[in-house]
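Below is start_10.txt, holding compact mmCIF, C-alpha atoms.
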```txt
# COMPACT_ATOMS: atom_id res chain seq x y z
CA MET A 744 99.11 107.04 93.59
CA TYR A 745 102.54 108.07 92.36
CA PHE A 746 101.34 111.57 91.42
CA LEU A 747 100.16 112.58 94.93
CA PRO A 748 103.48 111.93 96.78
CA LYS A 749 105.36 113.74 93.98
CA LEU A 750 103.01 116.72 94.26
CA ILE A 751 103.47 116.85 98.05
CA LEU A 752 107.26 116.66 97.75
CA ASN A 753 107.27 119.45 95.14
CA SER A 754 105.10 121.62 97.39
CA ILE A 755 107.41 121.02 100.36
CA SER A 756 110.44 121.83 98.20
CA ILE A 757 108.92 125.09 96.92
CA THR A 758 107.87 126.10 100.45
CA PHE A 759 111.35 125.38 101.81
CA ARG A 760 112.98 127.49 99.06
CA LYS A 761 110.63 130.38 99.81
CA ILE A 762 111.40 130.12 103.53
CA LYS A 763 115.14 130.21 102.83
CA ALA A 764 114.64 133.32 100.70
CA HIS A 765 113.07 135.28 103.62
CA PRO A 766 115.17 134.54 106.75
CA ILE A 767 114.20 137.80 108.55
CA LEU A 768 110.49 137.12 108.21
CA VAL A 769 110.88 133.53 109.39
CA GLY A 770 112.98 134.72 112.34
CA ALA A 771 110.33 137.28 113.32
CA ILE A 772 107.57 134.65 113.26
CA LEU A 773 109.62 132.20 115.35
CA LEU A 774 110.45 134.96 117.86
CA THR A 775 106.76 135.90 118.13
CA VAL A 776 105.75 132.29 118.77
CA THR A 777 108.51 131.88 121.39
CA LEU A 778 107.53 135.06 123.26
CA GLY A 779 103.86 134.07 123.12
CA MET A 780 104.57 130.63 124.58
CA LEU A 781 106.63 132.17 127.40
CA GLY A 782 103.94 134.77 128.13
CA PHE A 783 101.11 132.25 128.29
CA SER A 784 103.25 129.95 130.42
CA SER A 785 103.56 132.66 133.06
CA VAL A 786 99.86 133.59 132.94
CA PHE A 787 98.33 130.13 132.50
CA PRO A 788 100.87 127.67 133.92
CA GLU A 789 98.20 125.01 134.27
CA PHE A 790 97.50 124.86 130.50
CA GLY A 791 99.15 122.21 128.34
CA THR A 792 101.83 122.98 125.77
CA LEU A 793 99.57 122.40 122.76
CA THR A 794 96.90 124.68 124.22
CA LYS A 795 99.43 127.47 124.78
CA LEU A 796 100.77 126.96 121.26
CA TYR A 797 97.23 127.16 119.85
CA MET A 798 96.55 130.37 121.80
CA THR A 799 99.85 131.81 120.53
CA MET A 800 98.95 131.03 116.91
CA GLN A 801 95.61 132.81 117.46
CA LEU A 802 97.55 135.99 118.26
CA PHE A 803 98.14 136.37 114.51
CA LEU A 804 94.37 137.03 114.09
CA PHE A 805 93.10 140.57 114.65
CA ASP A 806 90.20 139.33 116.84
CA SER A 807 91.81 136.23 118.28
CA GLN A 808 89.30 135.50 121.11
CA SER A 809 92.13 133.54 122.74
CA PHE A 810 91.95 135.45 126.03
CA ASP A 811 90.42 138.48 127.72
CA VAL A 812 92.99 141.01 128.93
CA SER A 813 91.05 141.84 132.10
CA ASP A 814 90.91 138.14 133.02
CA VAL A 815 94.63 137.79 132.51
CA ILE A 816 95.39 140.82 134.66
CA SER A 817 93.13 139.58 137.48
CA GLU A 818 94.64 136.11 137.30
CA SER A 819 98.20 137.41 137.47
CA GLY A 820 97.44 139.97 140.16
CA SER A 821 99.27 142.62 138.13
CA ALA A 822 98.02 145.70 136.33
CA ASN A 823 100.06 144.82 133.25
CA LEU A 824 100.47 141.86 130.93
CA PRO A 825 103.79 140.01 131.04
CA TRP A 826 106.21 141.81 128.67
CA THR A 827 106.71 138.61 126.67
CA LEU A 828 102.99 138.31 125.95
CA GLU A 829 102.66 142.04 125.26
CA CYS A 830 105.49 141.92 122.71
CA ALA A 831 104.16 138.72 121.15
CA ARG A 832 100.65 140.03 120.48
CA TRP A 833 101.88 143.32 118.97
CA MET A 834 104.44 141.54 116.83
CA ALA A 835 101.79 139.08 115.65
CA VAL A 836 99.39 141.86 114.65
CA THR A 837 102.21 143.74 112.89
CA LEU A 838 103.24 140.67 110.89
CA THR A 839 99.66 139.87 109.93
CA SER A 840 98.96 143.48 108.89
CA SER A 841 102.17 143.64 106.86
CA GLY A 842 101.29 140.41 105.08
CA ILE A 843 97.79 141.65 104.21
CA PHE A 844 99.04 145.01 102.95
CA PHE A 845 101.86 143.41 100.94
CA GLY A 846 99.52 140.86 99.36
CA ALA A 847 96.96 143.54 98.53
CA TRP A 848 99.70 145.73 97.02
CA LYS A 849 100.95 142.86 94.84
CA ILE A 850 97.42 142.06 93.62
CA LEU A 851 96.65 145.72 92.98
CA LYS A 852 99.92 146.25 91.11
CA LYS A 853 99.38 143.20 88.94
CA SER A 854 95.81 144.16 88.13
CA THR A 855 96.90 147.74 87.41
CA ASP A 856 99.54 146.50 84.93
CA ASN A 857 96.94 144.29 83.26
CA VAL A 858 94.56 147.23 82.91
CA LYS A 859 97.33 149.40 81.45
CA ILE A 860 98.25 146.71 78.91
CA GLU A 861 94.57 146.28 77.94
CA GLU A 862 94.43 149.99 77.14
CA LEU A 863 97.52 149.83 74.86
CA SER A 864 97.41 149.70 71.07
CA ASN A 865 100.13 150.01 68.40
CA HIS A 866 102.69 149.11 71.03
CA LEU A 867 105.77 146.90 70.88
CA ILE A 868 106.02 143.45 72.45
CA VAL A 869 109.51 142.11 73.12
CA PHE A 870 109.93 138.46 74.04
CA GLY A 871 113.07 136.97 75.56
CA SER A 872 116.10 137.93 77.57
CA GLY A 873 119.73 138.74 76.94
CA LYS A 874 121.80 141.61 75.61
CA VAL A 875 119.81 142.10 72.40
CA VAL A 876 116.49 142.30 74.30
CA GLU A 877 117.92 144.77 76.80
CA THR A 878 119.26 146.92 73.95
CA VAL A 879 115.88 147.04 72.19
CA LEU A 880 114.12 147.89 75.47
CA ARG A 881 116.56 150.75 76.15
CA GLU A 882 116.00 152.16 72.66
CA ALA A 883 112.21 151.90 73.00
CA ASP A 884 112.34 153.69 76.38
CA LYS A 885 114.61 156.38 74.95
CA ASP A 886 112.14 157.07 72.12
CA ASN A 887 109.13 156.87 74.50
CA VAL A 888 107.66 153.99 72.53
CA PRO A 889 105.10 151.97 74.57
CA CYS A 890 106.57 148.51 75.09
CA VAL A 891 105.63 145.31 76.93
CA LEU A 892 108.28 142.78 77.92
CA VAL A 893 107.39 139.07 77.94
CA SER A 894 110.14 137.15 79.71
CA SER A 895 110.96 134.46 82.26
CA CYS A 896 114.16 136.22 83.39
CA GLU A 897 113.62 137.13 87.05
CA GLN A 898 116.28 139.85 87.10
CA LEU A 899 115.13 141.56 83.89
CA VAL A 900 111.45 141.46 84.89
CA LYS A 901 112.26 142.87 88.33
CA GLN A 902 114.37 145.64 86.80
CA ARG A 903 111.62 146.62 84.35
CA ARG A 904 108.97 146.67 87.07
CA GLU A 905 111.16 148.84 89.28
CA GLN A 906 111.36 151.27 86.36
CA LYS A 907 107.53 151.28 86.18
CA ASN A 908 107.54 149.48 82.82
CA LEU A 909 104.94 146.93 81.74
CA THR A 910 105.86 143.25 81.83
CA VAL A 911 104.31 139.82 81.47
CA LYS A 912 106.27 137.28 83.48
CA ILE A 913 106.45 133.68 82.31
CA SER A 914 106.09 131.88 85.63
CA VAL A 915 107.92 128.65 86.45
CA LYS A 916 106.18 125.87 88.37
CA GLY A 917 108.51 123.59 90.30
CA ASP A 918 111.36 122.27 88.19
CA GLU A 919 109.58 122.87 84.88
CA ARG A 920 111.24 124.87 82.13
CA PRO A 921 109.68 128.33 81.62
CA THR A 922 107.73 128.13 78.37
CA LEU A 923 105.98 130.78 76.33
CA GLU A 924 102.26 130.10 75.95
CA VAL A 925 99.37 131.67 74.04
CA LYS A 926 98.02 133.19 77.26
CA HIS A 927 101.22 135.22 77.76
CA LEU A 928 100.86 136.71 74.28
CA GLU A 929 97.19 137.48 74.90
CA TRP A 930 98.03 139.19 78.19
CA ALA A 931 100.61 141.32 76.36
CA GLY A 932 97.96 142.45 73.85
CA LEU A 933 99.40 140.77 70.75
CA SER A 934 96.29 141.36 68.61
CA ARG A 935 96.58 145.14 69.20
CA ALA A 936 100.36 145.42 68.96
CA LYS A 937 102.23 147.13 66.15
CA THR A 938 105.24 144.80 66.23
CA PHE A 939 106.15 141.59 68.04
CA TYR A 940 109.87 140.92 68.48
CA ALA A 941 111.00 137.37 69.35
CA LEU A 942 114.57 138.21 70.34
CA HIS A 943 115.41 135.51 72.87
CA SER A 944 119.04 134.39 73.03
CA SER A 945 117.77 130.86 72.23
CA ASP A 946 116.81 130.19 68.61
CA SER A 947 114.45 127.38 69.66
CA GLU A 948 112.52 129.70 72.00
CA ASN A 949 112.14 132.21 69.17
CA LEU A 950 110.94 129.49 66.80
CA ARG A 951 108.28 128.49 69.34
CA ALA A 952 107.18 132.13 69.53
CA ALA A 953 106.93 132.25 65.72
CA LEU A 954 104.80 129.11 65.60
CA LEU A 955 102.46 130.48 68.28
CA THR A 956 102.05 133.93 66.73
CA ARG A 957 101.68 132.98 63.06
CA ASN A 958 98.03 131.93 63.58
CA MET A 959 97.19 134.44 66.32
CA CYS A 960 98.06 137.38 64.06
CA ARG A 961 96.47 136.07 60.87
CA SER A 962 93.75 138.73 60.85
CA SER A 963 95.75 141.55 62.44
CA GLU A 964 98.33 144.00 61.15
CA THR A 965 100.94 143.05 63.73
CA GLU A 966 104.40 142.67 62.25
CA ILE A 967 106.29 139.63 63.57
CA ILE A 968 110.08 139.70 63.67
CA VAL A 969 111.76 136.47 64.76
CA ARG A 970 115.45 136.13 65.57
CA GLN A 971 117.39 133.09 64.34
CA ASP A 972 121.11 133.64 64.76
CA GLU A 973 122.36 130.26 63.55
CA PRO A 974 123.17 131.17 59.90
CA PHE A 975 121.86 128.00 58.29
CA THR A 976 118.69 127.96 60.42
CA CYS A 977 118.01 131.56 59.45
CA ASP A 978 118.50 130.78 55.74
CA LEU A 979 116.32 127.66 55.98
CA LEU A 980 113.40 129.42 57.67
CA GLN A 981 113.62 132.38 55.28
CA ARG A 982 113.14 129.96 52.39
CA SER A 983 110.30 128.10 54.14
CA GLU A 984 106.66 129.00 53.50
CA LEU A 985 105.63 127.53 56.85
CA LEU A 986 106.23 130.79 58.72
CA SER A 987 104.89 133.05 55.98
CA PRO A 988 101.12 132.48 55.99
CA ASP A 989 98.90 134.55 53.74
CA ARG A 990 97.27 137.26 55.81
CA ASP A 991 96.37 140.92 55.59
CA GLY A 992 99.07 142.02 58.00
CA LYS A 993 102.68 142.96 57.41
CA GLY A 994 103.89 139.40 57.58
CA LEU A 995 106.49 137.45 59.48
CA ARG A 996 110.21 138.10 59.04
CA ILE A 997 113.16 135.96 60.08
CA VAL A 998 116.25 137.97 61.02
CA SER A 999 119.71 137.15 62.30
CA VAL A 1000 121.59 139.57 64.53
CA ASP A 1001 124.88 137.74 63.97
CA LYS A 1002 124.46 137.69 60.19
CA THR A 1003 123.73 141.40 60.26
CA ARG A 1004 126.78 142.10 62.43
CA ALA A 1005 128.89 140.02 60.01
CA ARG A 1006 127.68 142.07 57.06
CA MET A 1007 128.35 145.29 58.93
CA LEU A 1008 131.84 144.06 59.81
CA LEU A 1009 132.81 143.23 56.23
CA GLN A 1010 131.30 146.46 55.01
CA GLN A 1011 133.25 148.49 57.55
CA TYR A 1012 136.47 146.46 57.26
CA PRO A 1013 136.63 144.83 53.79
CA LEU A 1014 138.86 141.77 53.80
CA GLU A 1015 140.79 143.00 50.75
CA TRP A 1016 141.14 146.69 51.63
CA HIS A 1017 143.28 148.48 54.23
CA ASN A 1018 142.68 152.19 54.77
CA ASP A 1019 146.41 152.91 55.02
CA HIS A 1020 147.81 150.42 52.49
CA GLY A 1021 145.07 150.06 49.88
CA GLN A 1022 144.11 146.82 48.14
CA ALA A 1023 145.80 143.59 49.21
CA THR A 1024 147.26 141.06 46.79
CA GLU A 1025 146.36 138.13 49.02
CA ILE A 1026 143.59 137.83 51.61
CA HIS A 1027 143.58 135.74 54.80
CA LEU A 1028 140.72 135.29 57.26
CA VAL A 1029 141.70 133.61 60.56
CA ILE A 1030 139.02 132.10 62.84
CA PRO A 1031 140.66 130.72 66.03
CA GLU A 1032 137.29 129.66 67.49
CA LEU A 1033 134.07 128.90 65.64
CA ASP A 1034 130.81 130.30 66.98
CA ARG A 1035 127.64 131.73 65.46
CA PHE A 1036 129.14 135.14 64.75
CA THR A 1037 132.37 133.85 63.20
CA LYS A 1038 130.40 131.28 61.18
CA ALA A 1039 128.28 134.14 59.84
CA VAL A 1040 131.47 136.04 58.91
CA ILE A 1041 132.76 132.98 57.03
CA ILE A 1042 129.50 132.60 55.08
CA GLN A 1043 129.45 136.29 54.16
CA ALA A 1044 133.09 136.12 53.02
CA ALA A 1045 132.26 133.07 50.90
CA LYS A 1046 129.26 134.82 49.34
CA ILE A 1047 131.41 137.77 48.33
CA GLY A 1048 133.40 135.25 46.30
CA HIS A 1049 136.46 136.34 44.37
CA TYR A 1050 138.72 139.29 44.92
CA LYS A 1051 141.56 140.89 42.94
CA ASP A 1052 142.71 138.80 39.96
CA GLY A 1053 140.03 136.19 40.70
CA LYS A 1054 141.65 135.06 43.96
CA GLN A 1055 139.69 133.53 46.83
CA VAL A 1056 139.87 134.18 50.55
CA ASN A 1057 142.32 131.96 52.42
CA LEU A 1058 140.29 130.74 55.40
CA TRP A 1059 142.23 129.46 58.44
CA LEU A 1060 140.24 127.39 60.93
CA ASP A 1061 141.36 125.86 64.19
CA SER A 1062 140.84 122.24 63.13
CA GLU A 1063 139.10 119.85 60.75
CA ASN A 1064 136.28 119.61 63.29
CA ASP A 1065 135.37 123.26 62.65
CA LEU A 1066 135.30 122.60 58.91
CA SER A 1067 132.97 119.63 59.35
CA LYS A 1068 130.55 121.83 61.34
CA ILE A 1069 130.44 124.36 58.51
CA GLU A 1070 130.18 121.75 55.76
CA GLN A 1071 127.28 120.11 57.54
CA ASP A 1072 125.18 123.20 56.74
CA TYR A 1073 127.07 124.51 53.69
CA PRO A 1074 128.51 121.54 51.76
CA GLY A 1075 129.82 123.72 48.93
CA ILE A 1076 131.97 125.98 51.08
CA ARG A 1077 135.22 124.57 49.60
CA LYS A 1078 134.23 125.93 46.19
CA CYS A 1079 134.15 129.49 47.51
CA VAL A 1080 137.18 129.71 49.83
CA ARG A 1081 140.58 128.09 50.24
CA ILE A 1082 140.73 126.32 53.60
CA ASP A 1083 143.66 125.46 55.88
CA PHE A 1084 144.09 124.86 59.62
CA LEU A 1085 145.96 126.43 62.55
CA ARG A 1086 145.80 123.19 64.55
CA GLU A 1087 147.54 123.26 67.92
CA LYS A 1088 149.50 126.47 67.22
CA GLY A 1089 146.46 128.71 67.47
CA PRO A 1090 146.61 132.46 66.73
CA GLY A 1091 150.33 132.47 67.55
CA SER A 1092 151.06 130.88 64.17
CA VAL A 1093 149.42 133.68 62.17
CA PRO A 1094 152.71 135.54 61.39
CA GLU A 1095 154.12 132.30 59.93
CA ILE A 1096 151.15 132.00 57.56
CA VAL A 1097 152.22 135.04 55.55
CA ARG A 1098 155.99 134.81 56.05
CA GLU A 1099 156.69 134.37 52.33
CA ASN A 1100 153.95 136.62 50.97
CA THR A 1101 154.03 140.34 50.21
CA GLY A 1102 151.19 142.81 50.18
CA SER A 1103 148.78 140.50 51.95
CA LEU A 1104 146.11 141.50 54.45
CA THR A 1105 145.18 139.16 57.32
CA THR A 1106 142.03 139.61 59.40
CA VAL A 1107 141.95 137.74 62.71
CA ILE A 1108 138.57 137.45 64.52
CA MET A 1109 139.30 137.49 68.27
CA THR A 1110 135.80 138.17 69.60
CA HIS A 1111 135.79 134.93 71.63
CA VAL A 1112 138.24 136.34 74.20
CA SER A 1113 138.36 139.54 76.23
CA PRO A 1114 139.65 142.71 74.55
CA GLU A 1115 142.71 142.57 76.82
CA GLU A 1116 143.63 139.05 75.64
CA ALA A 1117 143.12 140.10 72.03
CA TYR A 1118 145.35 143.10 72.69
CA LEU A 1119 148.19 140.78 73.75
CA GLU A 1120 147.80 138.75 70.55
CA ALA A 1121 147.89 141.97 68.53
CA LEU A 1122 151.12 142.98 70.29
CA ARG A 1123 152.70 139.63 69.43
CA MET A 1124 151.68 139.92 65.77
CA HIS A 1125 152.92 143.51 65.65
CA GLU A 1126 156.41 142.33 66.63
CA GLN A 1127 156.52 139.26 64.38
CA PHE A 1128 154.57 140.30 61.29
CA PRO A 1129 156.61 140.90 58.10
CA PRO A 1130 156.61 144.63 57.25
CA GLU A 1131 155.40 143.98 53.68
CA ASN A 1132 152.25 142.33 54.95
CA HIS A 1133 149.49 143.82 57.06
CA PHE A 1134 146.96 142.57 59.57
CA ARG A 1135 143.99 143.61 61.67
CA VAL A 1136 142.55 142.03 64.83
CA ILE A 1137 138.78 142.23 65.39
CA ILE A 1138 137.96 142.59 69.10
CA ARG A 1139 134.50 142.39 70.68
CA SER A 1140 134.52 145.75 72.50
CA GLN A 1141 136.58 148.88 73.04
CA LEU A 1142 139.68 148.61 75.18
CA PRO A 1143 139.22 150.41 78.51
CA GLY A 1144 140.85 153.84 78.63
CA ASP A 1145 142.43 153.46 75.18
CA SER A 1146 142.21 155.89 72.29
CA ALA A 1147 141.25 155.03 68.74
CA ASP A 1148 144.70 156.09 67.46
CA ASP A 1149 146.45 153.58 69.71
CA GLN A 1150 144.15 150.82 68.50
CA LEU A 1151 144.77 151.60 64.83
CA THR A 1152 148.53 151.43 65.40
CA LEU A 1153 148.17 147.81 66.49
CA GLY A 1154 145.52 147.01 63.89
CA LEU A 1155 142.74 146.64 66.48
CA CYS A 1156 139.17 147.04 65.17
CA VAL A 1157 136.00 146.78 67.25
CA ALA A 1158 133.30 144.43 65.96
CA PRO A 1159 129.87 146.02 65.32
CA SER A 1160 127.63 145.96 68.39
CA VAL A 1161 123.87 145.46 68.66
CA GLU A 1162 123.30 149.09 69.63
CA GLY A 1163 120.80 150.79 67.34
CA LEU A 1164 119.16 147.48 66.48
CA LEU A 1165 115.59 148.74 66.84
CA GLY A 1166 116.16 151.61 64.42
CA ASN A 1167 117.98 149.45 61.87
CA LEU A 1168 115.68 146.44 61.67
CA GLU A 1169 114.62 147.41 58.15
CA GLU A 1170 118.16 146.59 56.99
CA LEU A 1171 118.09 143.10 58.49
CA ASP A 1172 117.51 139.94 56.46
```
Will you turn the file into structure tokens for me?
Amino acid sequence: MYFLPKLILNSISITFRKIKAHPILVGAILLTVTLGMLGFSSVFPEFGTLTKLYMTMQLFLFDSQSFDVSDVISESGSANLPWTLECARWMAVTLTSSGIFFGAWKILKKSTDNVKIEELSNHLIVFGSGKVVETVLREADKDNVPCVLVSSCEQLVKQRREQKNLTVKISVKGDERPTLEVKHLEWAGLSRAKTFYALHSSDSENLRAALLTRNMCRSSETEIIVRQDEPFTCDLLQRSELLSPDRDGKGLRIVSVDKTRARMLLQQYPLEWHNDHGQATEIHLVIPELDRFTKAVIIQAAKIGHYKDGKQVNLWLDSENDLSKIEQDYPGIRKCVRIDFLREKGPGSVPEIVRENTGSLTTVIMTHVSPEEAYLEALRMHEQFPPENHFRVIIRSQLPGDSADDQLTLGLCVAPSVEGLLGNLEELD
């Protein structure tokens, strides 16, 4: 008994939201009904209101049988129908025809996409939404690689369909959370695909995709690549045999975009080496805010281990809370790096850290703020930093309208982006 009222309320709620999303259509229908009621009132004033409303609703049928035009003309004594009734019946037919054509077009388009997907083989399937997914899709389109998107993101699905690209939309019913199911993977042609990418911005969604596909692809040659950006989660699943079943295919791989970006960063900008000043005598890594990318940078710096003369990296975190988050996954982190805290002073205290040192190099990760905010911090450090010591500030993207020479003067370095991800997946974890 409880289920039926809930179902009715959900249906009413969905209908109301759809009505709100199409105000012009609703207005046209209401106008048609109003004109029809006025027209029938002038022709058949003796009929009741419900009868005239019923006759008006019948105008939306092509062969309404609600009245004979000749009878109406003879009753009214005029050679023409009342203009209200004339407008109402043409508007009703137009609305009905438009609805039929639109519905048929939607059904035809959906069935056409399904037929096209059924004809595909050795194609790519990309699951998820977010910047990484959009980057991979752009690269696949650029290389003319057949690709099917599986996503619940309304905007991304709409954009891909407008570009005449193949998609499988994960529909949402009521207030339920959109969830990937086996049927979505079957519709996308998983058994015939060359590679399946689970690149959702949510690690849990990608893990669900991995669990669904590991059995579906047991007898196929589909390569499965699953994104897990949380460093410890990625390490844990890479060590697990659960997601590496024995099969004839290429296997299942766990990758981390953030770990890869961290490796690229330290390869491009070594913590101990400055292109203009050579090797540093002391190394500082400053993390004002801990997130998945900066955590990955910390882990990579710890894995590198010792630097010149057996020294370790001096890691500066915002607070003890950040350290506890890292130690929860990597209890031995203190053995690999020397740790201290900025506390309430934040990045502004960085020049004080190296006040007494000479020949040091400090790397500050400022990817959590806009490039403009990071630029201001770099300006402050440039004025306050001791001349014997050197620093660099890692920003998340290029400054607008700025040249590379100006950035190098202030020690600004752009963090590696996800561009080129599809072509560089072989170098991932």
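Neighbours of Lys937 in chain A closer than or equal to 6 Å, with only C-alpha atoms counted and sequence neighbours fewer than 5 positions away skipped, come out as Asn865, His866, Leu867 and Thr965 of chain A.
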Write a file of the selected residues as a PDB file, keeping the file's coordinate frame, keeping C-alpha atoms.
```
ATOM      1  CA  ASN A 865     100.130 150.010  68.400  1.00  0.00           C
ATOM      2  CA  HIS A 866     102.690 149.110  71.030  1.00  0.00           C
ATOM      3  CA  LEU A 867     105.770 146.900  70.880  1.00  0.00           C
ATOM      4  CA  THR A 965     100.940 143.050  63.730  1.00  0.00           C
TER       5      THR A 965
END
```
Measuring between all atoms listed in the file, which one of A:Ser840, A:Ser1160, A:Ser1092, A:Ser872 shows the shortest distance to Leu899 in chain A? A:Ser872
Using only C-alpha atoms, what table do you get, as CSV, when you list each residue of range 1024-1057 of chain A with an atom no more than 9 Å from range 996-1016 of chain A, its nearest pair of atoms, and their distance in Å rounded to one decimal, rows by chain then rising number?
```
residue,atom,partner,partner_atom,distance
A:Thr1024,CA,A:Glu1015,CA,7.8
A:Glu1025,CA,A:Glu1015,CA,7.6
A:Ile1026,CA,A:Glu1015,CA,5.9
A:His1027,CA,A:Leu1014,CA,7.7
A:Leu1028,CA,A:Leu1014,CA,7.6
A:Arg1035,CA,A:Asp1001,CA,6.8
A:Phe1036,CA,A:Asp1001,CA,5.1
A:Thr1037,CA,A:Ala1005,CA,7.8
A:Lys1038,CA,A:Lys1002,CA,8.8
A:Ala1039,CA,A:Lys1002,CA,5.2
A:Val1040,CA,A:Ala1005,CA,4.9
A:Ile1041,CA,A:Ala1005,CA,8.6
A:Ile1042,CA,A:Lys1002,CA,8.8
A:Gln1043,CA,A:Arg1006,CA,6.7
A:Ala1044,CA,A:Leu1009,CA,7.8
A:Tyr1050,CA,A:Glu1015,CA,7.2
A:Lys1051,CA,A:Glu1015,CA,8.1
A:Val1056,CA,A:Leu1014,CA,8.3
```
Spatial neighbours of Ile1030 in chain A, max dist 7 Å, all atoms listed in the file, sep filter under 4 positions, as an MDAnalysis selection string: chainID A and resid 1037 1059:1061 1107:1108
Which residue of A:Glu1032, A:Cys977, A:Val891, A:Glu1162 approaches Thr938 in chain A most closely, using all atoms listed in the file: A:Val891
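Between CA of Ser1140 in chain A and CA of Ile1082 in chain A there is a distance of 27.8 Å.
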Determine, counting only C-alpha atoms, which protein, DNA and RNA residues have an atom within 10 Å of an atom of Leu892 in chain A; residues of the same chain fewer than 3 positions away are not included. Present the result as a PDB file with C-alpha atoms, in the coordinates of the input.
```
ATOM      1  CA  LEU A 867     105.770 146.900  70.880  1.00  0.00           C
ATOM      2  CA  ILE A 868     106.020 143.450  72.450  1.00  0.00           C
ATOM      3  CA  VAL A 869     109.510 142.110  73.120  1.00  0.00           C
ATOM      4  CA  PHE A 870     109.930 138.460  74.040  1.00  0.00           C
ATOM      5  CA  GLY A 871     113.070 136.970  75.560  1.00  0.00           C
ATOM      6  CA  SER A 872     116.100 137.930  77.570  1.00  0.00           C
ATOM      7  CA  VAL A 876     116.490 142.300  74.300  1.00  0.00           C
ATOM      8  CA  GLU A 877     117.920 144.770  76.800  1.00  0.00           C
ATOM      9  CA  LEU A 880     114.120 147.890  75.470  1.00  0.00           C
ATOM     10  CA  SER A 895     110.960 134.460  82.260  1.00  0.00           C
ATOM     11  CA  LEU A 899     115.130 141.560  83.890  1.00  0.00           C
ATOM     12  CA  VAL A 900     111.450 141.460  84.890  1.00  0.00           C
ATOM     13  CA  ARG A 903     111.620 146.620  84.350  1.00  0.00           C
ATOM     14  CA  ARG A 904     108.970 146.670  87.070  1.00  0.00           C
ATOM     15  CA  ASN A 908     107.540 149.480  82.820  1.00  0.00           C
ATOM     16  CA  LEU A 909     104.940 146.930  81.740  1.00  0.00           C
ATOM     17  CA  THR A 910     105.860 143.250  81.830  1.00  0.00           C
ATOM     18  CA  VAL A 911     104.310 139.820  81.470  1.00  0.00           C
ATOM     19  CA  LYS A 912     106.270 137.280  83.480  1.00  0.00           C
ATOM     20  CA  ALA A 931     100.610 141.320  76.360  1.00  0.00           C
ATOM     21  CA  TYR A 940     109.870 140.920  68.480  1.00  0.00           C
TER      22      TYR A 940
END
```
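One distance worth recording is that between CA of Asn887 in chain A and CA of Thr956 in chain A, which is 25.2 Å.
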For Cys830 in chain A, please output as a ChimeraX atom specification all residues within 10 Å (counting all atoms listed in the file; exclusion window: fewer than 6 positions along the same chain). /A:774-775,778-779,782,824
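Those DNA, RNA and protein residues that approach the point (133.2, 138.5, 70.2) to within 7 Å, considering all atoms listed in the file, are Met1109, Thr1110, His1111, Val1112, Ile1138 and Arg1139 of chain A.
Contact shell of range 1072-1077 of chain A at 10 Å (all atoms listed in the file; same-chain neighbours under 3 positions omitted): Pro974, Phe975, Thr976, Leu979, Ile1041, Ile1042, Ala1045, Lys1046, Leu1058, Leu1066, Ser1067, Lys1068, Ile1069, Val1080, Arg1081 and Ile1082 of chain A.
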Neighbour residues at most 10 Å from (115.5, 148.9, 75.1) (all atoms listed in the file) as a JSON list (two decimals) with C-alpha atoms, in the coordinates of the input:
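Result went into result.json, see below:
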```
[["chain", "number", "residue", "atom", "x", "y", "z"],
["A", 869, "VAL", "CA", 109.51, 142.11, 73.12],
["A", 874, "LYS", "CA", 121.80, 141.61, 75.61],
["A", 875, "VAL", "CA", 119.81, 142.10, 72.40],
["A", 876, "VAL", "CA", 116.49, 142.30, 74.30],
["A", 877, "GLU", "CA", 117.92, 144.77, 76.80],
["A", 878, "THR", "CA", 119.26, 146.92, 73.95],
["A", 879, "VAL", "CA", 115.88, 147.04, 72.19],
["A", 880, "LEU", "CA", 114.12, 147.89, 75.47],
["A", 881, "ARG", "CA", 116.56, 150.75, 76.15],
["A", 882, "GLU", "CA", 116.00, 152.16, 72.66],
["A", 883, "ALA", "CA", 112.21, 151.90, 73.00],
["A", 884, "ASP", "CA", 112.34, 153.69, 76.38],
["A", 885, "LYS", "CA", 114.61, 156.38, 74.95],
["A", 886, "ASP", "CA", 112.14, 157.07, 72.12],
["A", 888, "VAL", "CA", 107.66, 153.99, 72.53],
["A", 890, "CYS", "CA", 106.57, 148.51, 75.09],
["A", 892, "LEU", "CA", 108.28, 142.78, 77.92],
["A", 1162, "GLU", "CA", 123.30, 149.09, 69.63],
["A", 1163, "GLY", "CA", 120.80, 150.79, 67.34],
["A", 1164, "LEU", "CA", 119.16, 147.48, 66.48],
["A", 1165, "LEU", "CA", 115.59, 148.74, 66.84]]
```
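Relative to CA of Glu1087 in chain A, CA of Glu1115 in chain A is found at 21.8 Å.
Between Asn958 in chain A and the residues A:Arg970, A:Phe790, A:Phe803, A:Val925, the shortest atom-to-atom distance, using all atoms listed in the file, involves A:Val925.
Counting all atoms listed in the file and comparing A:Ser1062, A:Val1029, A:Glu1126, A:Val786, the residue that lies closest to Val1093 in chain A is A:Val1029.
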